[in-house]
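Colleague: What follows is the file work-v5.csv, containing CSV, C-alpha atoms and all ligand atoms:
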```csv
chain,number,residue,atom,x,y,z
A,1,MET,CA,-19.6,-48.0,78.2
A,2,PRO,CA,-17.6,-51.0,79.5
A,3,LEU,CA,-19.3,-54.1,80.6
A,4,ASN,CA,-19.7,-54.7,84.3
A,5,THR,CA,-17.7,-57.8,83.8
A,6,ASP,CA,-14.6,-59.0,82.0
A,7,LYS,CA,-15.7,-62.6,81.8
A,8,THR,CA,-17.8,-64.2,79.1
A,9,ILE,CA,-21.3,-64.9,80.1
A,10,GLU,CA,-23.3,-67.5,78.3
A,11,GLY,CA,-26.6,-69.4,78.5
A,12,SER,CA,-29.4,-70.8,76.5
A,13,PHE,CA,-33.1,-71.1,76.3
A,14,GLN,CA,-35.3,-73.9,74.8
A,15,LEU,CA,-37.9,-72.8,72.3
A,16,ILE,CA,-41.0,-74.8,71.4
A,17,GLY,CA,-42.6,-74.4,68.0
A,18,GLY,CA,-46.2,-73.2,68.0
A,19,ASP,CA,-46.1,-72.0,71.6
A,20,PHE,CA,-47.2,-68.4,71.2
A,21,SER,CA,-48.1,-68.0,74.8
A,22,ILE,CA,-44.4,-67.6,75.8
A,23,ALA,CA,-43.3,-66.1,72.5
A,24,GLY,CA,-40.7,-63.5,73.0
A,25,GLU,CA,-39.9,-64.5,76.6
A,26,SER,CA,-36.4,-65.6,75.9
A,27,SER,CA,-35.6,-62.4,74.0
A,28,ALA,CA,-37.0,-60.4,76.9
A,29,ARG,CA,-34.8,-62.3,79.3
A,30,LEU,CA,-31.8,-61.7,77.2
A,31,LYS,CA,-32.7,-58.1,77.2
A,32,SER,CA,-32.8,-57.9,80.9
A,33,ILE,CA,-29.5,-59.7,81.2
A,34,LEU,CA,-27.9,-57.1,78.9
A,35,THR,CA,-29.6,-54.3,80.9
A,36,ASP,CA,-28.2,-55.7,84.1
A,37,LEU,CA,-24.7,-55.8,82.6
A,38,GLY,CA,-24.9,-52.1,81.8
A,39,VAL,CA,-24.8,-52.5,78.0
A,40,GLN,CA,-25.6,-49.3,76.0
A,41,GLU,CA,-29.3,-48.8,75.3
A,42,ASP,CA,-29.1,-48.8,71.5
A,43,ILE,CA,-27.1,-51.9,71.4
A,44,ILE,CA,-29.6,-53.7,73.7
A,45,ARG,CA,-32.3,-52.6,71.4
A,46,ARG,CA,-30.5,-54.0,68.3
A,47,ALA,CA,-29.7,-57.3,70.0
A,48,SER,CA,-33.2,-57.6,71.4
A,49,ILE,CA,-34.9,-57.0,68.0
A,50,ALA,CA,-32.6,-59.4,66.2
A,51,THR,CA,-33.1,-62.1,68.8
A,52,PHE,CA,-36.9,-61.6,69.0
A,53,GLU,CA,-37.3,-61.9,65.2
A,54,ALA,CA,-35.2,-65.1,65.2
A,55,GLU,CA,-37.1,-66.5,68.2
A,56,MET,CA,-40.4,-65.8,66.5
A,57,ASN,CA,-39.3,-67.6,63.4
A,58,VAL,CA,-38.4,-70.7,65.4
A,59,ILE,CA,-41.8,-70.6,67.1
A,60,ILE,CA,-43.7,-70.0,63.9
A,61,TYR,CA,-41.9,-72.3,61.5
A,62,ALA,CA,-40.0,-75.0,63.5
A,63,ALA,CA,-40.9,-77.8,65.9
A,64,ALA,CA,-38.3,-76.8,68.5
A,65,GLY,CA,-35.1,-74.9,68.9
A,66,THR,CA,-32.4,-73.5,71.1
A,67,LEU,CA,-31.4,-69.9,71.6
A,68,HIS,CA,-27.8,-69.6,72.9
A,69,TYR,CA,-26.2,-66.3,73.9
A,70,GLU,CA,-22.6,-65.5,74.7
A,71,ILE,CA,-21.7,-62.1,76.0
A,72,SER,CA,-18.0,-61.1,76.1
A,73,PRO,CA,-16.5,-57.7,76.7
A,74,ARG,CA,-16.2,-57.3,72.9
A,75,GLN,CA,-19.4,-58.7,71.5
A,76,ILE,CA,-22.7,-60.4,71.9
A,77,ARG,CA,-23.1,-63.6,70.0
A,78,ILE,CA,-26.6,-65.1,69.5
A,79,THR,CA,-27.1,-68.5,67.9
A,80,LEU,CA,-30.5,-70.1,67.2
A,81,VAL,CA,-30.6,-73.7,66.1
A,82,ASP,CA,-33.9,-75.2,65.2
A,83,MET,CA,-35.3,-78.5,64.1
A,84,GLY,CA,-37.8,-77.6,61.4
A,85,PRO,CA,-38.6,-77.6,57.7
A,86,GLY,CA,-35.5,-75.6,56.8
A,87,ILE,CA,-35.3,-73.0,54.0
A,88,LYS,CA,-35.0,-74.0,50.4
A,89,ASP,CA,-33.9,-70.7,48.9
A,90,ILE,CA,-32.1,-68.5,51.5
A,91,ASP,CA,-31.6,-65.5,49.1
A,92,GLN,CA,-35.3,-65.4,48.5
A,93,ALA,CA,-36.1,-65.7,52.2
A,94,MET,CA,-33.8,-62.8,52.9
A,95,GLN,CA,-35.8,-60.5,50.6
A,96,GLU,CA,-37.9,-57.8,52.3
A,97,GLY,CA,-41.5,-58.8,52.0
A,98,TYR,CA,-41.0,-62.5,51.2
A,99,SER,CA,-43.0,-64.7,53.5
A,100,THR,CA,-44.6,-68.1,53.5
A,101,ALA,CA,-46.5,-67.4,56.7
A,102,PRO,CA,-50.1,-68.8,56.6
A,103,ASP,CA,-53.1,-66.7,57.3
A,104,TRP,CA,-53.5,-67.6,61.0
A,105,VAL,CA,-49.9,-66.4,61.6
A,106,ARG,CA,-50.6,-63.1,59.7
A,107,GLU,CA,-53.7,-62.6,61.8
A,108,MET,CA,-51.4,-62.6,64.8
A,109,GLY,CA,-49.2,-59.9,63.3
A,110,TRP,CA,-46.4,-61.9,61.8
A,111,GLY,CA,-45.6,-62.6,58.2
A,112,ALA,CA,-44.6,-59.2,56.8
A,113,GLY,CA,-41.4,-60.8,55.5
A,114,MET,CA,-39.3,-58.4,57.4
A,115,GLY,CA,-37.9,-60.7,60.1
A,116,LEU,CA,-34.7,-61.9,58.4
A,117,PRO,CA,-34.0,-58.4,57.0
A,118,ASN,CA,-34.5,-57.0,60.5
A,119,MET,CA,-32.0,-59.5,62.0
A,120,LYS,CA,-29.4,-58.6,59.3
A,121,LYS,CA,-30.0,-54.9,59.8
A,122,ASN,CA,-29.5,-55.0,63.5
A,123,SER,CA,-26.4,-57.2,63.7
A,124,ASP,CA,-22.8,-56.6,62.7
A,125,GLU,CA,-22.4,-60.1,61.5
A,126,PHE,CA,-25.2,-62.3,60.3
A,127,LYS,CA,-25.0,-65.9,59.1
A,128,ILE,CA,-27.8,-68.3,58.2
A,129,ASP,CA,-27.5,-72.0,57.3
A,130,SER,CA,-30.3,-74.3,56.5
A,131,VAL,CA,-30.9,-77.9,55.4
A,132,VAL,CA,-34.3,-78.7,54.1
A,133,GLY,CA,-36.1,-81.2,56.2
A,134,GLU,CA,-33.6,-80.8,59.1
A,135,GLY,CA,-33.5,-77.3,60.3
A,136,THR,CA,-32.0,-73.8,60.3
A,137,THR,CA,-29.2,-72.1,62.1
A,138,VAL,CA,-28.9,-68.4,62.6
A,139,GLU,CA,-25.9,-66.7,64.0
A,140,MET,CA,-25.7,-63.0,64.9
A,141,VAL,CA,-22.9,-61.0,66.3
A,142,ILE,CA,-23.3,-57.5,67.7
A,143,ASN,CA,-20.1,-55.7,68.5
A,144,LEU,CA,-19.7,-53.8,71.8
A,145,PRO,CA,-17.9,-50.5,71.7
B,1,MET,CA,-47.3,-35.7,74.3
B,2,LYS,CA,-48.7,-36.6,77.7
B,3,LEU,CA,-51.0,-39.4,78.6
B,4,GLU,CA,-53.9,-37.1,79.5
B,5,GLU,CA,-53.7,-35.4,76.1
B,6,LEU,CA,-53.6,-38.8,74.3
B,7,GLU,CA,-56.6,-39.9,76.3
B,8,LYS,CA,-58.6,-36.8,75.4
B,9,LEU,CA,-57.7,-36.7,71.7
B,10,LEU,CA,-58.5,-40.4,71.3
B,11,GLN,CA,-61.6,-40.4,73.5
B,12,ALA,CA,-59.8,-43.4,75.0
B,13,LYS,CA,-60.3,-45.6,78.0
B,14,VAL,CA,-57.2,-46.3,80.1
B,15,VAL,CA,-56.9,-50.0,80.5
B,16,VAL,CA,-53.4,-50.0,81.9
B,17,ASP,CA,-52.3,-46.7,83.6
B,18,SER,CA,-48.9,-45.2,83.5
B,19,ASP,CA,-46.9,-45.1,86.8
B,20,ASN,CA,-44.3,-42.8,85.2
B,21,LEU,CA,-44.9,-39.1,86.0
B,22,GLU,CA,-42.5,-38.1,83.3
B,23,PHE,CA,-44.4,-40.0,80.6
B,24,ASN,CA,-44.1,-38.0,77.4
B,25,ILE,CA,-43.9,-39.6,73.9
B,26,ASP,CA,-42.5,-37.8,70.9
B,27,SER,CA,-43.6,-40.0,67.9
B,28,ALA,CA,-46.1,-42.7,66.8
B,29,CYS,CA,-46.5,-45.5,64.4
B,30,SER,CA,-49.6,-47.5,63.3
B,31,ALA,CA,-49.2,-51.1,62.2
B,32,ASP,CA,-50.6,-54.6,62.5
B,33,MET,CA,-47.4,-56.4,61.4
B,34,MET,CA,-45.0,-56.7,64.3
B,35,SER,CA,-41.9,-56.9,62.1
B,36,SER,CA,-42.9,-53.6,60.5
B,37,VAL,CA,-43.1,-52.1,64.0
B,38,LEU,CA,-39.6,-53.5,64.8
B,39,TYR,CA,-38.3,-52.2,61.5
B,40,TYR,CA,-39.7,-48.6,61.6
B,41,HIS,CA,-40.2,-47.8,65.3
B,42,THR,CA,-38.3,-45.1,67.1
B,43,PRO,CA,-37.7,-45.3,70.9
B,44,ASN,CA,-40.1,-43.3,73.1
B,45,SER,CA,-43.0,-43.8,70.7
B,46,LEU,CA,-46.6,-44.9,70.7
B,47,LEU,CA,-48.0,-47.9,68.8
B,48,ILE,CA,-51.5,-47.8,67.3
B,49,THR,CA,-52.6,-51.3,66.4
B,50,SER,CA,-55.7,-53.5,66.1
B,51,LEU,CA,-54.0,-56.6,67.5
B,52,THR,CA,-54.4,-57.3,71.2
B,53,GLN,CA,-52.4,-60.4,71.8
B,54,PRO,CA,-49.7,-60.5,74.5
B,55,HIS,CA,-46.9,-60.6,71.9
B,56,VAL,CA,-47.9,-57.0,70.9
B,57,VAL,CA,-46.7,-56.0,74.4
B,58,ARG,CA,-43.6,-58.1,73.9
B,59,THR,CA,-42.9,-56.3,70.7
B,60,ALA,CA,-43.4,-52.9,72.4
B,61,GLU,CA,-41.0,-54.0,75.2
B,62,ILE,CA,-38.4,-55.2,72.8
B,63,ALA,CA,-38.6,-52.1,70.6
B,64,GLY,CA,-38.7,-49.6,73.6
B,65,ILE,CA,-42.2,-48.4,72.7
B,66,LYS,CA,-43.8,-46.6,75.6
B,67,ILE,CA,-47.5,-47.0,75.1
B,68,ILE,CA,-50.0,-49.0,73.1
B,69,VAL,CA,-53.4,-47.9,71.7
B,70,PHE,CA,-55.9,-50.5,70.6
B,71,VAL,CA,-58.3,-49.2,68.0
B,72,LEU,CA,-62.0,-50.0,67.4
B,73,ASN,CA,-62.7,-50.6,71.1
B,74,LYS,CA,-60.8,-53.9,71.0
B,75,GLN,CA,-60.4,-55.1,74.5
B,76,PRO,CA,-57.2,-56.9,75.4
B,77,ASP,CA,-57.5,-60.2,77.4
B,78,GLN,CA,-56.2,-60.5,81.0
B,79,VAL,CA,-52.9,-62.0,79.9
B,80,THR,CA,-52.1,-59.0,77.7
B,81,ILE,CA,-53.1,-56.6,80.5
B,82,ASP,CA,-51.0,-58.4,83.1
B,83,LEU,CA,-48.0,-58.4,80.9
B,84,ALA,CA,-48.4,-54.7,80.1
B,85,LYS,CA,-48.6,-54.0,83.8
B,86,GLU,CA,-45.5,-56.1,84.5
B,87,LYS,CA,-43.6,-54.3,81.7
B,88,HIS,CA,-44.9,-50.8,82.7
B,89,ILE,CA,-46.4,-50.2,79.3
B,90,PRO,CA,-49.7,-48.4,79.5
B,91,ILE,CA,-52.6,-49.4,77.3
B,92,LEU,CA,-55.4,-47.2,75.9
B,93,VAL,CA,-58.5,-48.4,74.0
B,94,THR,CA,-60.0,-46.0,71.5
B,95,PRO,CA,-63.3,-46.2,69.6
B,96,TYR,CA,-61.6,-44.7,66.5
B,97,CYS,CA,-60.3,-46.8,63.6
B,98,MET,CA,-56.6,-46.8,62.9
B,99,TYR,CA,-56.8,-44.1,60.3
B,100,THR,CA,-58.8,-41.7,62.4
B,101,ALA,CA,-56.8,-42.4,65.6
B,102,SER,CA,-53.5,-41.7,63.7
B,103,GLY,CA,-55.0,-38.6,62.1
B,104,LYS,CA,-56.1,-37.1,65.4
B,105,LEU,CA,-52.7,-37.5,66.9
B,106,PHE,CA,-50.9,-36.2,63.8
B,107,GLU,CA,-53.2,-33.2,63.6
B,108,ALA,CA,-52.3,-32.4,67.2
B,109,GLY,CA,-48.6,-32.4,66.3
B,110,LEU,CA,-47.4,-35.9,67.1
B,111,PRO,CA,-45.1,-36.9,64.2
B,112,GLY,CA,-44.7,-40.3,62.6
B,113,CYS,CA,-41.7,-42.5,63.6
B,114,LEU,CA,-39.9,-42.1,60.3
B,115,ASN,CA,-40.3,-38.4,59.6
B,116,LYS,CA,-39.7,-37.2,63.1
C,1,LIG,N1,-36.4,-70.9,61.2
C,1,LIG,C1,-37.0,-71.0,60.0
C,1,LIG,N2,-37.4,-72.3,59.6
C,1,LIG,C2,-38.0,-72.4,58.4
C,1,LIG,N3,-38.3,-71.4,57.5
C,1,LIG,C3,-38.0,-70.1,57.9
C,1,LIG,C4,-37.3,-69.9,59.2
C,1,LIG,N4,-37.0,-68.6,59.3
C,1,LIG,C5,-37.5,-68.0,58.1
C,1,LIG,N5,-38.1,-69.0,57.3
C,1,LIG,C6,-38.7,-68.7,56.0
C,1,LIG,O1,-38.2,-67.5,55.5
C,1,LIG,C7,-39.4,-66.6,55.3
C,1,LIG,C8,-39.0,-65.2,55.6
C,1,LIG,O2,-38.7,-65.0,57.0
C,1,LIG,P1,-38.9,-63.6,57.6
C,1,LIG,O3,-38.6,-63.8,59.1
C,1,LIG,O4,-38.0,-62.6,56.9
C,1,LIG,O5,-40.4,-63.2,57.4
C,1,LIG,P2,-41.7,-63.8,58.0
C,1,LIG,O6,-41.4,-64.6,59.2
C,1,LIG,O7,-42.4,-64.5,57.0
C,1,LIG,O8,-42.5,-62.5,58.4
C,1,LIG,P3,-42.1,-61.5,59.6
C,1,LIG,O9,-40.8,-62.0,60.2
C,1,LIG,O10,-42.0,-60.2,59.0
C,1,LIG,O11,-43.2,-61.6,60.6
C,1,LIG,C9,-40.5,-67.2,56.1
C,1,LIG,O12,-41.8,-66.8,55.6
C,1,LIG,C10,-40.2,-68.7,56.0
C,1,LIG,O13,-40.7,-69.2,54.8
C,2,MG,MG,-40.1,-63.8,60.7
```
Rewrite the structure from the file as structure tokens, please.
Ligand SMILES: Nc1ncnc2c1ncn2[C@@H]1O[C@H](COP(=O)(O)OP(=O)(O)OP(=O)(O)O)[C@@H](O)[C@H]1O
Ligand SMILES: [Mg+2]
Modeller:
Amino acid sequence: MPLNTDKTIEGSFQLIGGDFSIAGESSARLKSILTDLGVQEDIIRRASIATFEAEMNVIIYAAAGTLHYEISPRQIRITLVDMGPGIKDIDQAMQEGYSTAPDWVREMGWGAGMGLPNMKKNSDEFKIDSVVGEGTTVEMVINLP
Amino acid sequence: MKLEELEKLLQAKVVVDSDNLEFNIDSACSADMMSSVLYYHTPNSLLITSLTQPHVVRTAEIAGIKIIVFVLNKQPDQVTIDLAKEKHIPILVTPYCMYTASGKLFEAGLPGCLNK
């Protein structure tokens, strides 16, 4: 299905570490933007899941971050940049089931170690960069048909 | 499976009602880890969980899950209820534990998300 626009639409949301009260709000807003644009349902779901997992990681692990989206007729590009502890061993972090989430996070339902694998599974391109002590950047692209 | 049937099988109390007359789910999953839900869910399904925080509703919204069942009579707080209303995601509360609630629905013919 073609997008209801031939321009590129972009925007960003600020994320605050530790603020569970609005956790997922930015992803939900992106979801409604994609819905309004008439994007296919399964693509919206993939983009929303990938974004939500990335948003939750910023809220759980980082002090603050930005979620930026760019929707063109060809693809959805989602970039999350955070100021946080960074990830020492990215290969290890990408493994299904690997998690450093503390107990209080697990009690809230996070810390299965499936977030990064979920982001990768749901995006067509997935890139992650991290500098210990500075922060992490996740970039995901989902192609539009 | 329709809401009335779920309600009956689970001896459940409806905390947030459905406003969708065509409500009819075709699979279910049980989990307390939200990323597992996001990994294994299928659209048009039911989520059985023992967590009642608002981000469970968020997870359902993001995954396209149509109804949430809280086990062991866990009552969600007002924020969770309000969000569920806003997102049109009904909530049931059952006295059963997760195992029994899942078993009741499975026995009645509702398949799991993965082996649907
Ligand atoms: N933005 C981030 N900043 C710092 N560390 C991170 C970040 N994202 C992920 N990590 C690290 O990578 C690990 C794995 O992340 P992943 O999202 O796959 O699982 P999780 O967050 O632990 O659990 P889940 O996502 O299943 O709830 C985390 O436990 C954490 O140690
Ligand atoms: Mg995670």
Colleague: Please return, as a ChimeraX atom specification, all residues of chain B lying within 8 Å of chain A when only C-alpha atoms are considered.
Modeller: /B:32-36,38-39,51,53-55,58-59,61-64
Colleague: Output as JSON lines one row per residue of chain A within 9 Å of ligand LIG 1 (chain C): the closest atom pair and its distance in Å to one decimal place, counting only C-alpha atoms and all ligand atoms, sorted by chain and residue number ascending.
Modeller:
```
{"residue": "A:Glu53", "atom": "CA", "partner": "C:LIG1", "partner_atom": "O9", "distance": 6.1}
{"residue": "A:Ala54", "atom": "CA", "partner": "C:LIG1", "partner_atom": "N4", "distance": 7.1}
{"residue": "A:Glu55", "atom": "CA", "partner": "C:LIG1", "partner_atom": "N1", "distance": 8.3}
{"residue": "A:Met56", "atom": "CA", "partner": "C:LIG1", "partner_atom": "O9", "distance": 7.4}
{"residue": "A:Asn57", "atom": "CA", "partner": "C:LIG1", "partner_atom": "N4", "distance": 4.8}
{"residue": "A:Val58", "atom": "CA", "partner": "C:LIG1", "partner_atom": "N1", "distance": 4.7}
{"residue": "A:Ile59", "atom": "CA", "partner": "C:LIG1", "partner_atom": "N1", "distance": 8.0}
{"residue": "A:Ile60", "atom": "CA", "partner": "C:LIG1", "partner_atom": "O6", "distance": 7.5}
{"residue": "A:Tyr61", "atom": "CA", "partner": "C:LIG1", "partner_atom": "N2", "distance": 4.9}
{"residue": "A:Ala62", "atom": "CA", "partner": "C:LIG1", "partner_atom": "N2", "distance": 5.4}
{"residue": "A:Gly65", "atom": "CA", "partner": "C:LIG1", "partner_atom": "N1", "distance": 8.8}
{"residue": "A:Leu80", "atom": "CA", "partner": "C:LIG1", "partner_atom": "N1", "distance": 8.5}
{"residue": "A:Val81", "atom": "CA", "partner": "C:LIG1", "partner_atom": "N1", "distance": 8.1}
{"residue": "A:Asp82", "atom": "CA", "partner": "C:LIG1", "partner_atom": "N1", "distance": 6.4}
{"residue": "A:Met83", "atom": "CA", "partner": "C:LIG1", "partner_atom": "N2", "distance": 7.9}
{"residue": "A:Gly84", "atom": "CA", "partner": "C:LIG1", "partner_atom": "N2", "distance": 5.6}
{"residue": "A:Pro85", "atom": "CA", "partner": "C:LIG1", "partner_atom": "C2", "distance": 5.3}
{"residue": "A:Gly86", "atom": "CA", "partner": "C:LIG1", "partner_atom": "C2", "distance": 4.4}
{"residue": "A:Ile87", "atom": "CA", "partner": "C:LIG1", "partner_atom": "N3", "distance": 4.9}
{"residue": "A:Lys88", "atom": "CA", "partner": "C:LIG1", "partner_atom": "N3", "distance": 8.2}
{"residue": "A:Asp89", "atom": "CA", "partner": "C:LIG1", "partner_atom": "O1", "distance": 8.5}
{"residue": "A:Ile90", "atom": "CA", "partner": "C:LIG1", "partner_atom": "O1", "distance": 7.4}
{"residue": "A:Gln92", "atom": "CA", "partner": "C:LIG1", "partner_atom": "O1", "distance": 7.9}
{"residue": "A:Ala93", "atom": "CA", "partner": "C:LIG1", "partner_atom": "O1", "distance": 4.3}
{"residue": "A:Met94", "atom": "CA", "partner": "C:LIG1", "partner_atom": "O4", "distance": 5.8}
{"residue": "A:Gln95", "atom": "CA", "partner": "C:LIG1", "partner_atom": "O4", "distance": 7.0}
{"residue": "A:Glu96", "atom": "CA", "partner": "C:LIG1", "partner_atom": "O4", "distance": 6.6}
{"residue": "A:Gly97", "atom": "CA", "partner": "C:LIG1", "partner_atom": "O5", "distance": 7.1}
{"residue": "A:Tyr98", "atom": "CA", "partner": "C:LIG1", "partner_atom": "C8", "distance": 5.5}
{"residue": "A:Ser99", "atom": "CA", "partner": "C:LIG1", "partner_atom": "O12", "distance": 3.2}
{"residue": "A:Thr100", "atom": "CA", "partner": "C:LIG1", "partner_atom": "O12", "distance": 3.7}
{"residue": "A:Ala101", "atom": "CA", "partner": "C:LIG1", "partner_atom": "O12", "distance": 4.9}
{"residue": "A:Pro102", "atom": "CA", "partner": "C:LIG1", "partner_atom": "O12", "distance": 8.6}
{"residue": "A:Val105", "atom": "CA", "partner": "C:LIG1", "partner_atom": "O11", "distance": 8.3}
{"residue": "A:Arg106", "atom": "CA", "partner": "C:LIG1", "partner_atom": "O11", "distance": 7.6}
{"residue": "A:Gly109", "atom": "CA", "partner": "C:LIG1", "partner_atom": "O11", "distance": 6.8}
{"residue": "A:Trp110", "atom": "CA", "partner": "C:LIG1", "partner_atom": "O11", "distance": 3.4}
{"residue": "A:Gly111", "atom": "CA", "partner": "C:LIG1", "partner_atom": "O8", "distance": 3.1}
{"residue": "A:Ala112", "atom": "CA", "partner": "C:LIG1", "partner_atom": "O10", "distance": 3.5}
{"residue": "A:Gly113", "atom": "CA", "partner": "C:LIG1", "partner_atom": "O5", "distance": 3.2}
{"residue": "A:Met114", "atom": "CA", "partner": "C:LIG1", "partner_atom": "O10", "distance": 3.6}
{"residue": "A:Gly115", "atom": "CA", "partner": "C:LIG1", "partner_atom": "O9", "distance": 3.2}
{"residue": "A:Leu116", "atom": "CA", "partner": "C:LIG1", "partner_atom": "O4", "distance": 3.7}
{"residue": "A:Pro117", "atom": "CA", "partner": "C:LIG1", "partner_atom": "O4", "distance": 5.8}
{"residue": "A:Asn118", "atom": "CA", "partner": "C:LIG1", "partner_atom": "O4", "distance": 7.5}
{"residue": "A:Met119", "atom": "CA", "partner": "C:LIG1", "partner_atom": "O3", "distance": 8.4}
{"residue": "A:Ser130", "atom": "CA", "partner": "C:LIG1", "partner_atom": "N2", "distance": 8.0}
{"residue": "A:Val132", "atom": "CA", "partner": "C:LIG1", "partner_atom": "C2", "distance": 8.5}
{"residue": "A:Gly135", "atom": "CA", "partner": "C:LIG1", "partner_atom": "N2", "distance": 6.4}
{"residue": "A:Thr136", "atom": "CA", "partner": "C:LIG1", "partner_atom": "N1", "distance": 5.3}
{"residue": "A:Thr137", "atom": "CA", "partner": "C:LIG1", "partner_atom": "N1", "distance": 7.4}
{"residue": "A:Val138", "atom": "CA", "partner": "C:LIG1", "partner_atom": "N1", "distance": 8.0}
```
Colleague: Quick one: of B:Tyr40, B:Phe106, B:Tyr99, B:Phe23, who's nearest to Leu72 (chain B), counting all atoms listed in the file?
Modeller: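 Ranking B:Tyr40, B:Phe106, B:Tyr99, B:Phe23 by distance to Leu72 (chain B), first place goes to B:Tyr99.
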Colleague: Give me, please, the distance in Å between CA of Gly133 (chain A) and CA of Ala63 (chain A), quoted to one decimal.
Modeller: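 Between these atoms lies a distance of 11.3 Å.
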Colleague: Separation of CA of Leu34 (chain A) and CA of Asp19 (chain B), in Å?
Modeller: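 These two atoms are separated by 23.8 Å.
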Colleague: Can you pull out the residues contacting region 84-91 of chain B? Cut-off 6 Å, using only C-alpha atoms, and skip same-chain residues under 5 positions away; I want them as an mmCIF file with C-alpha atoms, in the frame of the given file.
Modeller:
```
data_model
loop_
_atom_site.group_PDB
_atom_site.id
_atom_site.type_symbol
_atom_site.label_atom_id
_atom_site.label_comp_id
_atom_site.auth_asym_id
_atom_site.auth_seq_id
_atom_site.Cartn_x
_atom_site.Cartn_y
_atom_site.Cartn_z
ATOM 1 C CA VAL B 15 -56.900 -50.000 80.500
ATOM 2 C CA VAL B 16 -53.400 -50.000 81.900
ATOM 3 C CA ASP B 17 -52.300 -46.700 83.600
ATOM 4 C CA SER B 18 -48.900 -45.200 83.500
ATOM 5 C CA LYS B 66 -43.800 -46.600 75.600
ATOM 6 C CA ILE B 67 -47.500 -47.000 75.100
ATOM 7 C CA ILE B 68 -50.000 -49.000 73.100
ATOM 8 C CA VAL B 69 -53.400 -47.900 71.700
#
```
Colleague: Just the number, please: distance in Å from CA of Ala31 (chain B) to CA of Ile48 (chain B), one decimal.
Modeller: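 About the pair CA of Ala31 (chain B) and CA of Ile48 (chain B): they are 6.5 Å apart.
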Colleague: In terms of the shortest atom-to-atom distance over all atoms listed in the file, which of B:Val79, B:Ala28, B:Ala12, B:Leu3 is closest to Ile65 (chain B)?
Modeller: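 For Ile65 (chain B), the nearest of the given residues is B:Ala28.
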Colleague: Rank B:Leu6, B:Val14, B:Val37, B:Cys29 by their smallest atom-to-atom distance to Ile81 (chain B), using all atoms listed in the file, and report the top residue only.
Modeller: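 Looking only at the distances to Ile81 (chain B), the closest residue turns out to be B:Val14.
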Colleague: Starting from the sparse input, extend region 59-73 of chain B to N, CA and C atoms and give the output as a PDB file, keeping the file's coordinate frame.
Modeller:
```
ATOM      1  N   THR B  59     -43.546 -57.058  71.732  1.00  0.00           N
ATOM      2  CA  THR B  59     -42.900 -56.300  70.700  1.00  0.00           C
ATOM      3  C   THR B  59     -42.625 -54.865  71.147  1.00  0.00           C
ATOM      4  N   ALA B  60     -43.569 -54.288  71.877  1.00  0.00           N
ATOM      5  CA  ALA B  60     -43.400 -52.900  72.400  1.00  0.00           C
ATOM      6  C   ALA B  60     -42.182 -52.926  73.382  1.00  0.00           C
ATOM      7  N   GLU B  61     -42.133 -53.954  74.218  1.00  0.00           N
ATOM      8  CA  GLU B  61     -41.000 -54.000  75.200  1.00  0.00           C
ATOM      9  C   GLU B  61     -39.689 -54.113  74.486  1.00  0.00           C
ATOM     10  N   ILE B  62     -39.625 -54.987  73.497  1.00  0.00           N
ATOM     11  CA  ILE B  62     -38.400 -55.200  72.800  1.00  0.00           C
ATOM     12  C   ILE B  62     -37.956 -53.926  72.028  1.00  0.00           C
ATOM     13  N   ALA B  63     -38.931 -53.229  71.454  1.00  0.00           N
ATOM     14  CA  ALA B  63     -38.600 -52.100  70.600  1.00  0.00           C
ATOM     15  C   ALA B  63     -38.476 -50.779  71.471  1.00  0.00           C
ATOM     16  N   GLY B  64     -38.818 -50.843  72.748  1.00  0.00           N
ATOM     17  CA  GLY B  64     -38.700 -49.600  73.600  1.00  0.00           C
ATOM     18  C   GLY B  64     -39.912 -48.691  73.340  1.00  0.00           C
ATOM     19  N   ILE B  65     -41.027 -49.238  72.860  1.00  0.00           N
ATOM     20  CA  ILE B  65     -42.200 -48.400  72.700  1.00  0.00           C
ATOM     21  C   ILE B  65     -42.894 -48.193  74.008  1.00  0.00           C
ATOM     22  N   LYS B  66     -43.378 -46.955  74.244  1.00  0.00           N
ATOM     23  CA  LYS B  66     -43.800 -46.600  75.600  1.00  0.00           C
ATOM     24  C   LYS B  66     -45.260 -46.751  75.903  1.00  0.00           C
ATOM     25  N   ILE B  67     -46.101 -46.833  74.875  1.00  0.00           N
ATOM     26  CA  ILE B  67     -47.500 -47.000  75.100  1.00  0.00           C
ATOM     27  C   ILE B  67     -48.206 -47.594  73.916  1.00  0.00           C
ATOM     28  N   ILE B  68     -49.275 -48.372  74.171  1.00  0.00           N
ATOM     29  CA  ILE B  68     -50.000 -49.000  73.100  1.00  0.00           C
ATOM     30  C   ILE B  68     -51.438 -48.545  73.067  1.00  0.00           C
ATOM     31  N   VAL B  69     -51.950 -48.272  71.856  1.00  0.00           N
ATOM     32  CA  VAL B  69     -53.400 -47.900  71.700  1.00  0.00           C
ATOM     33  C   VAL B  69     -54.051 -48.935  70.846  1.00  0.00           C
ATOM     34  N   PHE B  70     -55.105 -49.548  71.376  1.00  0.00           N
ATOM     35  CA  PHE B  70     -55.900 -50.500  70.600  1.00  0.00           C
ATOM     36  C   PHE B  70     -57.081 -49.759  70.005  1.00  0.00           C
ATOM     37  N   VAL B  71     -57.284 -49.954  68.702  1.00  0.00           N
ATOM     38  CA  VAL B  71     -58.300 -49.200  68.000  1.00  0.00           C
ATOM     39  C   VAL B  71     -59.655 -50.012  68.004  1.00  0.00           C
ATOM     40  N   LEU B  72     -60.718 -49.356  67.553  1.00  0.00           N
ATOM     41  CA  LEU B  72     -62.000 -50.000  67.400  1.00  0.00           C
ATOM     42  C   LEU B  72     -62.557 -50.655  68.638  1.00  0.00           C
ATOM     43  N   ASN B  73     -62.211 -50.043  69.776  1.00  0.00           N
ATOM     44  CA  ASN B  73     -62.700 -50.600  71.100  1.00  0.00           C
ATOM     45  C   ASN B  73     -62.295 -52.007  71.344  1.00  0.00           C
TER      46      ASN B  73
END
```
